[in-house]
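Data block below; observations after.
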Amino acid sequence: MGLSDNKIKQLLYQGRTVKGSFIFTREPACVEILGYAGFDFVLIDTEHTPNTSTEVVNLVRAAEVAGIEPVVRVRANDPALILQALDVGAKGILVPRVNTAAEAQAVVRAAKYGPTGERGIAGIVRAAKYGFAPTEKYVVNANKNIFIMIQVEEVEAVDNLDEILGVTEVDAIFIGPVDLSQSMGLTGQFDHPEFRGTVERIISRATMAKKPVAMFCLNSENAKMWENTGVSILTIASDTMLLAAAAKKLLQDLDG
Ligand code: 3PY
Ligand code: MG
């Protein structure tokens, strides 16, 4: 993985933990604040938000201003959505609900230019500096630097995990605890032994396959626990969750 321009790839290569947070608003200032606070990446969500490419491009710009990697969670495993996110300049993608190796391969085909994949080329998009980046060089750099993550968040994905882990161009698997718990019939029961055991098995099988694991963590305590279990990419809370927690605490402190 070495010698990439992508900070997430660099940190993983150095054996360091990578820290990010979700962006659920359409507010570039939230991205800048997380960057200046010291996070390594923001995960700009379009699965559970109304944000479109018009908002995403400005959130990506804010990430560049603050020196933080912009990763976009697309709405679905659709090559047109992956292309849009990457063409506006996302440095990584997260694809929800990937349940088979074939679906993981489809993600790779959509995210990589040839010969590895079949991402459509337009040398004049923002990611290619509107044509100021020589196309041949741009294509090679994009293939090397884009960080590809897929979500393991349904029982079907757990059943197919070894085949999914075999898709080498996928840079990391991302465990979605909320959907996974629902898929197991244990919605929100994150301390349930069956849920914990399943997540621990996912982490140990991915670690054996040398595939980094990302996890959505509710807070710092939860993040530390998963880091100690082998998760190397921590996505902790979101801009909205951080604001909600700070607002709640402020009023509790004030009112006693
Ligand atoms: C889930 O927990 O289902 C997620 O997608 C979290 O990001
Ligand atoms: Mg999910």
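Going by the structure tokens order, chains are called A, B, ..., each with residues numbered from 1, while ligands are numbered from 1 in the order shown.
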Pick out the residues sitting within 6 Å of A:Val88, and hand them over as a PyMOL selection string; count only C-alpha atoms, and ignore anything fewer than 4 positions along from it in its own chain.
chain A and resi 57+126-127
Within-8 Å residues of ligand 2, basis only C-alpha atoms and all ligand atoms, as a ChimeraX atom specification:
/A:96-97,151,153,176-180
Give me, as a VMD selection string, the set of residues whose atoms come within 12 Å of any atom of ligand 1, counting only C-alpha atoms and all ligand atoms.
chain A and resid 20 to 24 43 to 48 72 to 76 94 to 98 149 to 154 173 to 184 187 to 190 199 214 to 218 234 to 238
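Comparing A:Ser53, A:Asp171, A:Tyr130, A:Asn219 by their smallest distance to A:Leu81, the closest is A:Ser53 (using only C-alpha atoms).
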Based on the backbone DSSP call, show me all residues of stretch 14-251 of chain A assigned strand (DSSP E), as a PyMOL selection string.
chain A and resi 18-23+41-45+69-73+92-95+147-152+172-175+213-217+233-238
If we count only C-alpha atoms and set the cut-off at 9 Å, which residues sit around A:Tyr36, ignoring sequence neighbours fewer than 3 positions away in its own chain? Please answer as a ChimeraX atom specification.
/A:31-33,39,66-68
Can you tell me, as a ChimeraX atom specification, what residues are no more than 9 Å from A:Asn6 when counting only C-alpha atoms, ignoring any on the same chain fewer than 5 positions away?
/A:11,69,91-92,144-147
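Closest approach to A:Lys211 from the set A:Ala102, A:Ala122, A:Leu86, A:Leu12 is made by A:Leu12, with distances taken over only C-alpha atoms.
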For A:Ala128, find every residue with an atom within 10 Å (counting only C-alpha atoms), except residues of its own chain fewer than 3 positions away, and show them as a list in words.
Asp87, Val88, Gly89, Ile121, Ala122, Gly123, Ile124, Val125, Gly131, Phe132, Ala133, Pro134, Thr135, Lys137, Tyr138, Val139 and Ala142 of chain A
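As for atom CA of A:Pro70 and atom CA of A:Lys19, they are spaced 12.2 Å apart.
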